[in-house]
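Engineer: Below is work_39.csv; it holds CSV, C-alpha atoms.
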chain,number,residue,atom,x,y,z
H,1,MET,CA,174.4,117.5,129.6
H,2,GLY,CA,176.0,115.6,126.8
H,3,ASN,CA,175.1,112.2,125.5
H,4,ILE,CA,177.4,109.3,124.6
H,5,VAL,CA,176.4,106.7,122.1
H,6,THR,CA,175.6,103.4,123.9
H,7,ASP,CA,175.6,99.8,122.8
H,8,LYS,CA,172.0,98.8,123.3
H,9,ASN,CA,173.0,95.1,123.0
H,10,GLN,CA,175.3,95.3,126.1
H,11,THR,CA,174.1,93.3,129.2
H,12,GLN,CA,173.6,95.5,132.2
H,13,ARG,CA,173.4,94.4,135.9
H,14,LEU,CA,170.1,95.8,137.2
H,15,LEU,CA,168.9,95.9,140.8
H,16,PHE,CA,165.2,96.6,141.4
H,17,ILE,CA,163.6,97.6,144.8
H,18,ASP,CA,159.9,97.2,145.4
H,19,GLU,CA,157.3,96.7,148.1
H,20,GLU,CA,156.8,93.0,147.2
H,21,PHE,CA,157.7,90.3,144.6
H,22,PRO,CA,155.0,90.9,142.0
H,23,PHE,CA,153.5,87.5,141.8
H,24,PRO,CA,150.8,86.0,141.3
H,25,LEU,CA,149.8,88.4,138.5
H,26,ASN,CA,146.5,89.6,140.0
H,27,SER,CA,146.9,93.4,140.0
H,28,GLY,CA,147.8,96.0,137.5
H,29,LYS,CA,151.0,97.0,139.1
H,30,ARG,CA,152.1,93.4,139.4
H,31,LEU,CA,151.3,92.7,135.8
H,32,ARG,CA,153.2,95.7,134.6
H,33,THR,CA,156.3,95.1,136.8
H,34,TYR,CA,156.5,91.4,136.0
H,35,ASN,CA,156.1,91.6,132.3
H,36,LEU,CA,158.6,94.4,131.9
H,37,LEU,CA,161.0,92.4,134.1
H,38,VAL,CA,160.7,89.5,131.8
H,39,GLU,CA,161.5,91.7,128.8
H,40,LEU,CA,164.5,93.3,130.5
H,41,ALA,CA,165.8,89.9,131.6
H,42,ARG,CA,166.1,88.9,128.0
H,43,ARG,CA,168.9,91.4,127.7
H,44,ASN,CA,170.2,92.0,131.2
H,45,GLU,CA,171.0,90.4,134.6
H,46,VAL,CA,168.1,91.2,137.0
H,47,SER,CA,168.1,91.2,140.8
H,48,PHE,CA,165.1,92.1,142.8
H,49,LEU,CA,165.1,93.3,146.5
H,50,ALA,CA,161.7,93.4,148.1
H,51,TYR,CA,159.7,92.8,151.2
H,52,GLY,CA,158.8,89.1,151.4
H,53,ARG,CA,159.8,85.7,152.6
H,54,ASP,CA,162.2,83.2,151.0
H,55,ASP,CA,159.7,80.4,151.5
H,56,SER,CA,156.8,82.2,149.7
H,57,GLU,CA,155.3,81.3,146.4
H,58,SER,CA,156.3,84.6,144.9
H,59,TYR,CA,159.9,84.3,145.9
H,60,ARG,CA,160.1,80.7,144.6
H,61,HIS,CA,158.6,81.8,141.3
H,62,PHE,CA,161.1,84.6,140.9
H,63,LYS,CA,164.0,82.3,141.5
H,64,ALA,CA,162.6,79.7,139.0
H,65,ALA,CA,162.1,82.5,136.5
H,66,GLY,CA,165.8,83.4,136.6
H,67,PHE,CA,165.6,86.6,138.5
H,68,ASN,CA,167.7,86.9,141.6
H,69,PRO,CA,165.2,87.6,144.5
H,70,ILE,CA,166.4,89.0,147.8
H,71,ALA,CA,163.8,89.1,150.6
H,72,VAL,CA,163.5,91.4,153.5
H,73,SER,CA,161.1,90.7,156.4
H,74,PRO,CA,158.0,92.7,155.7
H,75,PRO,CA,156.5,95.4,157.9
H,76,ASP,CA,153.0,95.3,159.3
H,77,LEU,CA,150.9,96.9,156.5
H,78,ARG,CA,147.5,96.0,157.9
H,79,GLN,CA,145.1,98.9,157.6
H,80,HIS,CA,143.0,98.2,160.7
H,81,GLY,CA,143.4,97.9,164.4
H,82,LEU,CA,144.8,100.2,167.1
H,83,LEU,CA,148.4,100.1,165.8
H,84,PHE,CA,147.3,101.3,162.4
H,85,TYR,CA,145.5,104.3,163.7
H,86,LEU,CA,148.4,105.1,166.1
H,87,ARG,CA,150.7,105.1,163.1
H,88,LEU,CA,148.3,107.4,161.2
H,89,LEU,CA,148.4,109.8,164.2
H,90,ALA,CA,152.2,109.6,164.5
H,91,ASN,CA,152.5,110.5,160.9
H,92,LEU,CA,151.2,113.9,161.5
H,93,LEU,CA,154.6,114.7,163.0
H,94,SER,CA,156.6,113.3,160.1
H,95,PRO,CA,157.7,115.4,157.1
H,96,TYR,CA,157.0,112.3,154.9
H,97,PRO,CA,153.6,111.1,153.8
H,98,PHE,CA,152.1,108.0,155.3
H,99,ILE,CA,152.6,106.0,152.0
H,100,VAL,CA,156.3,106.5,152.6
H,101,THR,CA,156.6,106.1,156.3
H,102,ARG,CA,154.5,102.9,156.5
H,103,HIS,CA,156.9,101.2,154.0
H,104,TYR,CA,160.2,102.5,155.3
H,105,THR,CA,162.3,100.3,157.6
H,106,ALA,CA,165.9,100.5,158.7
H,107,ARG,CA,166.4,96.8,157.9
H,108,PHE,CA,165.4,97.4,154.3
H,109,GLN,CA,167.7,100.4,154.1
H,110,ARG,CA,170.6,98.4,155.6
H,111,LYS,CA,170.1,95.4,153.3
H,112,LEU,CA,170.1,97.7,150.3
H,113,GLN,CA,173.4,99.3,151.3
H,114,VAL,CA,175.0,95.9,152.0
H,115,ILE,CA,174.0,94.6,148.6
H,116,LEU,CA,175.4,97.7,146.9
H,117,ASP,CA,178.6,97.5,148.9
H,118,GLN,CA,179.1,93.9,148.0
H,119,ASN,CA,178.1,94.0,144.3
H,120,LYS,CA,178.6,96.2,141.3
H,121,TYR,CA,175.3,97.2,139.6
H,122,ASP,CA,174.9,99.4,136.6
H,123,ALA,CA,171.5,100.7,137.6
H,124,LEU,CA,169.2,100.8,140.6
H,125,LEU,CA,165.5,100.9,139.7
H,126,ILE,CA,163.0,102.1,142.2
H,127,GLU,CA,159.8,100.3,141.3
H,128,TRP,CA,157.4,102.6,143.1
H,129,SER,CA,158.1,106.3,143.8
H,130,PRO,CA,157.4,106.2,147.6
H,131,TYR,CA,160.4,103.8,147.8
H,132,ALA,CA,162.6,106.7,146.6
H,133,ARG,CA,163.3,107.5,150.3
H,134,PHE,CA,165.6,104.5,150.3
H,135,ILE,CA,167.9,106.1,147.6
H,136,LYS,CA,168.1,109.6,149.1
H,137,HIS,CA,171.6,109.1,150.3
H,138,ILE,CA,172.7,106.4,147.9
H,139,ASP,CA,175.7,107.2,145.7
H,140,GLY,CA,177.9,105.4,143.2
H,141,VAL,CA,175.1,103.9,141.1
H,142,ARG,CA,172.7,105.3,138.5
H,143,LYS,CA,169.1,105.5,139.9
H,144,ILE,CA,165.9,105.4,138.0
H,145,ILE,CA,162.4,106.0,139.6
H,146,VAL,CA,159.6,104.0,138.0
H,147,ALA,CA,156.4,106.1,138.5
H,148,HIS,CA,153.4,103.8,138.1
H,149,ASN,CA,151.3,106.9,139.1
H,150,ILE,CA,151.7,110.5,140.1
H,151,GLU,CA,150.7,109.9,143.7
H,152,SER,CA,149.8,113.5,144.4
H,153,ASN,CA,147.2,113.4,141.6
H,154,ILE,CA,145.5,110.4,143.3
H,155,TRP,CA,145.5,112.3,146.6
H,156,ARG,CA,144.0,115.4,145.0
H,157,ARG,CA,141.2,113.2,143.6
H,158,TYR,CA,140.7,111.5,147.0
H,159,GLU,CA,140.3,115.0,148.5
H,160,ARG,CA,137.7,116.1,146.0
H,161,GLN,CA,135.6,112.9,146.5
H,162,GLU,CA,135.7,112.8,150.3
H,163,THR,CA,132.6,114.2,152.0
H,164,ASN,CA,133.5,113.5,155.7
H,165,LEU,CA,135.1,116.7,157.1
H,166,LEU,CA,137.7,115.0,159.4
H,167,ARG,CA,138.8,112.5,156.7
H,168,ARG,CA,139.0,115.2,154.2
H,169,LEU,CA,141.2,117.3,156.5
H,170,TYR,CA,143.6,114.3,157.0
H,171,ILE,CA,143.6,113.6,153.2
H,172,SER,CA,144.4,117.3,152.6
H,173,LEU,CA,147.4,117.1,154.9
H,174,GLN,CA,148.6,113.9,153.2
H,175,ARG,CA,148.1,115.3,149.8
H,176,ALA,CA,150.3,118.3,150.7
H,177,LYS,CA,153.0,115.9,152.0
H,178,VAL,CA,152.9,113.8,148.9
H,179,GLU,CA,153.2,116.9,146.7
H,180,ARG,CA,156.3,118.0,148.6
H,181,PHE,CA,157.8,114.5,148.5
H,182,GLU,CA,157.3,114.1,144.8
H,183,ALA,CA,158.7,117.5,144.0
H,184,ALA,CA,161.9,116.4,145.9
H,185,CYS,CA,162.4,112.7,145.3
H,186,PHE,CA,162.7,112.8,141.5
H,187,HIS,CA,165.8,115.0,142.0
H,188,TRP,CA,167.4,112.1,144.0
H,189,ALA,CA,167.5,110.0,140.8
H,190,ASP,CA,169.3,110.1,137.4
H,191,GLY,CA,166.2,109.2,135.4
H,192,ALA,CA,162.5,108.4,135.7
H,193,THR,CA,159.8,106.6,133.7
H,194,ALA,CA,156.1,107.4,133.6
H,195,VAL,CA,153.2,105.5,132.1
H,196,SER,CA,151.8,108.4,130.0
H,197,GLU,CA,152.9,111.7,128.4
H,198,VAL,CA,150.8,113.7,130.9
H,199,GLU,CA,152.6,112.1,133.9
H,200,ALA,CA,156.0,112.4,132.2
H,201,GLU,CA,155.3,116.2,131.8
H,202,THR,CA,154.4,116.4,135.5
H,203,ILE,CA,157.7,114.9,136.5
H,204,ALA,CA,159.6,117.1,134.1
H,205,ASP,CA,157.8,120.1,135.6
H,206,PHE,CA,159.6,119.4,138.9
H,207,GLY,CA,162.7,120.7,137.2
H,208,VAL,CA,164.6,117.4,136.9
H,209,PRO,CA,167.8,117.6,134.9
H,210,TYR,CA,167.1,114.5,132.8
H,211,GLN,CA,164.6,113.4,130.1
H,212,VAL,CA,161.6,111.4,131.5
H,213,ALA,CA,160.8,108.3,129.5
H,214,VAL,CA,157.2,107.2,128.7
H,215,ILE,CA,156.9,103.4,129.1
H,216,GLU,CA,153.2,102.7,128.8
H,217,ASN,CA,151.4,99.8,130.3
H,218,GLY,CA,151.0,96.8,128.0
H,219,VAL,CA,149.2,93.6,127.4
H,220,ASP,CA,150.0,90.0,126.3
H,221,THR,CA,148.0,90.0,123.1
H,222,GLU,CA,148.4,86.2,122.7
H,223,TYR,CA,147.2,85.4,126.2
H,224,PHE,CA,144.3,87.9,126.0
H,225,SER,CA,142.7,86.5,122.9
H,226,GLY,CA,140.2,83.8,122.0
H,227,GLU,CA,136.6,83.1,121.3
H,228,ASP,CA,133.7,84.6,123.3
H,229,THR,CA,130.5,83.1,124.8
H,230,ILE,CA,128.7,86.3,125.4
H,231,ASP,CA,125.9,87.1,127.8
H,232,ASN,CA,124.2,90.0,126.1
H,233,ASP,CA,122.9,91.3,129.4
H,234,ASN,CA,126.2,91.2,131.3
H,235,ILE,CA,128.6,94.1,132.1
H,236,VAL,CA,131.9,93.6,133.8
H,237,PHE,CA,134.2,95.8,135.8
H,238,SER,CA,137.6,94.4,136.9
H,239,GLY,CA,140.4,95.7,139.1
H,240,ALA,CA,142.2,95.0,142.3
H,241,MET,CA,139.5,95.6,145.0
H,242,ASP,CA,142.0,96.4,147.7
H,243,TRP,CA,142.8,99.7,145.9
H,244,ARG,CA,140.6,102.5,146.9
H,245,PRO,CA,140.1,104.0,143.4
H,246,ASN,CA,138.6,100.7,142.3
H,247,GLN,CA,136.4,100.5,145.4
H,248,ASP,CA,135.1,103.9,144.6
H,249,ALA,CA,134.5,102.9,141.0
H,250,ALA,CA,132.6,99.8,142.0
H,251,GLU,CA,130.4,101.7,144.4
H,252,PHE,CA,129.8,104.5,141.8
H,253,LEU,CA,128.7,101.8,139.3
H,254,MET,CA,126.3,100.2,141.6
H,255,ARG,CA,124.7,103.2,143.3
H,256,GLU,CA,124.6,105.8,140.5
H,257,ILE,CA,125.0,104.1,137.1
H,258,LEU,CA,123.3,100.7,137.4
H,259,PRO,CA,119.9,102.0,138.5
H,260,LEU,CA,119.8,104.2,135.3
H,261,ILE,CA,120.7,101.3,133.1
H,262,ARG,CA,118.0,99.1,134.6
H,263,LYS,CA,115.3,101.7,133.8
H,264,THR,CA,115.4,100.4,130.2
H,265,HIS,CA,117.4,97.1,130.7
H,266,PRO,CA,115.9,95.5,133.8
H,267,ASN,CA,117.6,92.2,133.2
H,268,VAL,CA,121.2,93.5,133.0
H,269,THR,CA,123.7,91.8,135.4
H,270,VAL,CA,127.0,93.1,136.8
H,271,THR,CA,130.1,91.2,137.5
H,272,ILE,CA,132.8,92.9,139.7
H,273,VAL,CA,136.1,91.0,139.4
H,274,GLY,CA,139.1,91.6,141.6
H,275,ARG,CA,141.2,90.5,144.4
H,276,LYS,CA,140.6,91.1,148.1
H,277,PRO,CA,137.3,93.0,148.1
H,278,PRO,CA,136.6,94.6,151.5
H,279,SER,CA,133.3,94.0,153.2
H,280,GLN,CA,131.6,97.1,151.6
H,281,ILE,CA,132.4,95.7,148.2
H,282,GLN,CA,131.4,92.2,149.0
H,283,ASP,CA,128.0,93.6,150.3
H,284,LEU,CA,127.3,94.9,146.7
H,285,ALA,CA,126.6,91.3,145.8
H,286,THR,CA,123.4,91.4,147.9
H,287,ALA,CA,121.7,93.3,145.1
H,288,THR,CA,119.9,91.2,142.5
H,289,GLY,CA,122.0,90.2,139.4
H,290,VAL,CA,125.3,91.3,140.9
H,291,GLU,CA,128.3,89.1,141.4
H,292,VAL,CA,131.5,90.0,143.3
H,293,THR,CA,134.0,87.3,142.5
H,294,GLY,CA,136.9,88.2,144.8
H,295,THR,CA,140.3,86.8,143.8
H,296,VAL,CA,140.2,84.8,140.6
H,297,ASP,CA,143.0,82.8,138.9
H,298,ASP,CA,142.0,84.0,135.5
H,299,VAL,CA,140.1,87.1,134.6
H,300,ARG,CA,139.6,86.2,131.0
H,301,PRO,CA,136.4,84.0,131.3
H,302,PHE,CA,134.6,86.9,133.1
H,303,VAL,CA,135.6,89.5,130.5
H,304,ARG,CA,134.9,87.2,127.5
H,305,ARG,CA,131.4,86.6,128.8
H,306,ALA,CA,130.6,90.4,129.0
H,307,ALA,CA,128.7,92.3,126.5
H,308,VAL,CA,130.3,95.5,127.7
H,309,PHE,CA,133.4,96.2,129.8
H,310,VAL,CA,132.9,99.3,132.0
H,311,VAL,CA,135.6,101.4,133.7
H,312,PRO,CA,133.8,103.9,136.0
H,313,LEU,CA,136.9,105.3,137.7
H,314,ARG,CA,136.8,108.7,139.3
H,315,ILE,CA,140.1,108.5,141.2
H,316,GLY,CA,143.3,107.2,139.9
H,317,GLY,CA,146.4,107.7,137.8
H,318,GLY,CA,148.7,105.9,135.5
H,319,SER,CA,147.3,104.1,132.5
H,320,ARG,CA,144.8,101.2,132.5
H,321,LEU,CA,145.9,97.6,132.1
H,322,LYS,CA,142.2,96.6,132.6
H,323,ILE,CA,141.2,98.5,129.5
H,324,LEU,CA,144.1,97.1,127.4
H,325,GLU,CA,143.2,93.5,128.4
H,326,ALA,CA,139.5,94.1,127.5
H,327,MET,CA,140.5,95.6,124.2
H,328,SER,CA,142.8,92.7,123.5
H,329,LEU,CA,139.9,90.4,124.1
H,330,GLY,CA,137.9,92.4,121.5
H,331,LYS,CA,135.5,94.0,124.0
H,332,ALA,CA,133.5,97.2,123.7
H,333,VAL,CA,134.8,99.4,126.5
H,334,VAL,CA,132.9,102.3,128.2
H,335,SER,CA,135.2,104.4,130.4
H,336,THR,CA,135.4,107.7,132.2
H,337,THR,CA,138.1,110.0,130.9
H,338,VAL,CA,140.0,109.5,134.2
H,339,GLY,CA,139.7,105.7,133.6
H,340,ALA,CA,141.3,105.9,130.2
H,341,GLU,CA,143.8,108.6,131.1
H,342,GLY,CA,147.2,108.0,129.6
H,343,LEU,CA,146.0,105.7,126.9
H,344,ARG,CA,146.1,106.7,123.2
H,345,VAL,CA,142.4,105.9,122.7
H,346,THR,CA,139.8,107.8,120.5
H,347,ASP,CA,136.3,108.3,121.7
H,348,GLN,CA,133.7,106.7,119.4
H,349,GLU,CA,136.4,104.9,117.4
H,350,ASN,CA,137.8,102.3,119.8
H,351,ILE,CA,136.2,103.3,123.1
H,352,LEU,CA,133.2,105.2,124.4
H,353,LEU,CA,134.1,107.9,127.0
H,354,ALA,CA,131.6,109.4,129.4
H,355,ASP,CA,131.8,110.9,132.9
H,356,SER,CA,128.4,111.6,134.4
H,357,PRO,CA,126.2,108.7,135.6
H,358,ASP,CA,123.6,109.6,132.9
H,359,ALA,CA,126.3,109.6,130.1
H,360,ILE,CA,127.9,106.4,131.2
H,361,ALA,CA,124.5,104.6,131.5
H,362,SER,CA,123.6,105.9,128.0
H,363,ALA,CA,126.8,104.6,126.5
H,364,VAL,CA,126.4,101.2,128.1
H,365,ARG,CA,122.8,101.0,126.9
H,366,LYS,CA,123.9,101.9,123.4
H,367,CYS,CA,126.3,99.0,123.4
H,368,LEU,CA,123.8,96.6,124.8
H,369,ASP,CA,121.4,97.5,122.1
H,370,ASP,CA,123.8,97.5,119.1
H,371,LEU,CA,125.8,94.4,118.4
H,372,SER,CA,127.5,96.0,115.4
H,373,LEU,CA,128.7,98.9,117.5
H,374,ARG,CA,130.2,96.5,120.0
H,375,GLN,CA,131.9,94.5,117.3
H,376,ARG,CA,133.3,97.7,115.7
H,377,LEU,CA,134.7,99.1,119.0
H,378,GLY,CA,136.1,95.7,119.9
H,379,ALA,CA,137.9,95.2,116.6
H,380,ALA,CA,139.4,98.7,116.7
H,381,GLY,CA,140.5,98.2,120.3
H,382,ARG,CA,142.2,95.0,119.4
H,383,ALA,CA,144.0,96.6,116.5
H,384,LEU,CA,145.2,99.4,118.8
H,385,VAL,CA,146.8,97.1,121.4
H,386,GLU,CA,148.5,95.0,118.8
H,387,GLN,CA,150.1,98.0,117.2
H,388,GLU,CA,151.2,99.9,120.3
H,389,TYR,CA,150.8,98.1,123.6
H,390,ARG,CA,152.6,94.7,123.3
H,391,TRP,CA,155.1,94.1,126.1
H,392,SER,CA,157.9,93.3,123.7
H,393,ILE,CA,157.7,96.8,122.2
H,394,LEU,CA,157.6,98.4,125.6
H,395,GLY,CA,160.4,96.3,127.0
H,396,GLN,CA,162.7,97.4,124.2
H,397,LYS,CA,161.9,101.0,124.9
H,398,TYR,CA,162.6,100.5,128.6
H,399,HIS,CA,166.0,98.8,127.9
H,400,GLU,CA,167.1,101.6,125.6
H,401,TYR,CA,166.2,104.3,128.2
H,402,ILE,CA,168.2,102.5,130.9
H,403,CYS,CA,171.2,102.3,128.5
H,404,LYS,CA,170.8,106.0,127.7
H,405,THR,CA,170.7,106.9,131.4
H,406,LEU,CA,173.8,104.9,132.1
H,407,VAL,CA,175.9,106.9,129.6
H,408,THR,CA,174.3,110.4,130.0
H,409,LYS,CA,176.8,112.8,131.7
H,410,LYS,CA,175.7,114.1,135.1
What would you get if you wrote out this structure as structure tokens?
Structural biologist:
Amino acid sequence: MGNIVTDKNQTQRLLFIDEEFPFPLNSGKRLRTYNLLVELARRNEVSFLAYGRDDSESYRHFKAAGFNPIAVSPPDLRQHGLLFYLRLLANLLSPYPFIVTRHYTARFQRKLQVILDQNKYDALLIEWSPYARFIKHIDGVRKIIVAHNIESNIWRRYERQETNLLRRLYISLQRAKVERFEAACFHWADGATAVSEVEAETIADFGVPYQVAVIENGVDTEYFSGEDTIDNDNIVFSGAMDWRPNQDAAEFLMREILPLIRKTHPNVTVTIVGRKPPSQIQDLATATGVEVTGTVDDVRPFVRRAAVFVVPLRIGGGSRLKILEAMSLGKAVVSTTVGAEGLRVTDQENILLADSPDAIASAVRKCLDDLSLRQRLGAAGRALVEQEYRWSILGQKYHEYICKTLVTKK
């Protein structure tokens, strides 16, 4: 393939497709998508096709922000009830994984085709890889898949963590389908972005005929700043609690890590912050000194209060907005290696990395006992995000990759 020099100042017409209009900004995926959209909209004309309703808060916000929102009536995505389990069962007969079939509708496919027939766009950006099914037979426009995660990695970790035999069997079947889907879908596009070098290499290993760009997660360093009023006995974990990896992390923290910390620090308290916690996560608050906040308008007061920010993830992918936000607030961060995967962090310099319950508890205790260590880690973390993870830097990178994809010969 040959490359043509492109004018990076040229305005492009971009159409995004996604599962929802990412607002309010109360999850990592929403924060990433929205902030990069803002940066791209400084240079380009942005339209956004998603499931939603034109009388919703998110739709109205997108319209007011200058994006062109286009809403399609959403499917039933509830994960309970007879219909949900019938769909799980029916998916056994489908070649596509359930994360694809539950989001695919003929009405969304028709709307996308009508929009492309009636308008000329320079690029179509698929804002979550399971939505690549919608572009399988789309021609006449350059297509870029935005991979927030390598989904098959998440399913492999689900499979390793599951102890129930029947559930593990179903997860194994889904994992195999996700692997096949990912190996195929990135070939339906003209480009792809990943949030880390490791995940970019995974996509490249599928044999795609294009360069995969690394567009990391970022943070608003002005918004995530300010003075602390610290509770020296408080540790915080934050993340969307309707996402299974975060649920597993919260339960891991409570059941296996906290008891070890309290052997030497009996007064330590835990705050679990994140939207839509299911009943099993809400029930964690029945333990002494544990708060489960549910959805909050602003995560900053909870993180500012913490002596230590902990990320006990065992399942997951992508790179961690929650860590970047905590670092931007100058917090000492203790994370598993999976939790910090994809971030250019250095153990003992700007973060403490540990994986076993004993090692995580030990790192947290060390931070609780040593104010100077907390301050040193916090200052180094803040310096890292200011240098490498501001949205303006990442938005420019993203824009340049789109321009490059538009002029790269097929």
Engineer: Within 7 Å of region 119-127 of chain H, counting all atoms listed in the file, which residues qualify if same-chain residues fewer than 5 places away don't, as a PyMOL selection string?
Structural biologist: chain H and resi 12-18+132+141-146
Engineer: Ranking H:Asp228, H:Thr346, H:Val364, H:Glu57 by minimum distance to Val270 (chain H) and counting only C-alpha atoms, which one comes first?
Structural biologist: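 The closest residue to Val270 (chain H) is H:Val364.
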Engineer: Please, what distance in Å, to one decimal, runs between CA of Ser225 (chain H) and CA of Leu31 (chain H)?
Structural biologist: 16.7 Å
Engineer: Using 10 Å as the limit and counting only C-alpha atoms, can you tabulate each residue of region 134-163 of chain H that touches region 245-253 of chain H, with its shortest atom-to-atom distance in Å and the two atoms involved, as a tab-separated table?
Structural biologist:
residue	atom	partner	partner_atom	distance
H:Ile154	CA	H:Pro245	CA	8.4
H:Arg157	CA	H:Pro245	CA	9.3
H:Tyr158	CA	H:Pro245	CA	8.3
H:Gln161	CA	H:Asp248	CA	9.2
Engineer: Which is closer to Leu324 (chain H) than all the others in H:Gly395, H:Pro209, H:Gly378, H:Pro24, using only C-alpha atoms?
Structural biologist: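 So, comparing all the options, the nearest one is H:Gly378.
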Engineer: For Phe181 (chain H), find every residue with an atom within 10 Å (counting all atoms listed in the file), except residues of its own chain fewer than 3 positions away, and show them as a list in words.
Structural biologist: Pro95, Tyr96, Pro97, Val100, Ser129, Pro130, Ala132, Arg133, Glu151, Ser152, Arg175, Ala176, Lys177, Val178, Ala184, Cys185 and Phe186 of chain H
Engineer: Compare H:Val385, H:Ile70, H:Ala361, H:Ile235 by their minimum atom-to-atom distance to Thr264 (chain H), counting all atoms listed in the file, and give me the closest one.
Structural biologist: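 Among the listed residues, H:Ala361 lies closest to Thr264 (chain H).
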Engineer: Would you kindly return, as a list in words, each protein, DNA or RNA residue with an atom no farther than 7 Å from any atom of Asn217 (chain H), considering all atoms listed in the file and excluding same-chain residues fewer than 2 positions away?
Structural biologist: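 These residues fall inside the cut-off: Arg32, Val195, Ile215, Ser319, Leu321 and Tyr389 of chain H.
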Engineer: CA of Leu77 (chain H) to CA of Leu92 (chain H): how many Å, to one decimal?
Structural biologist: 17.7 Å
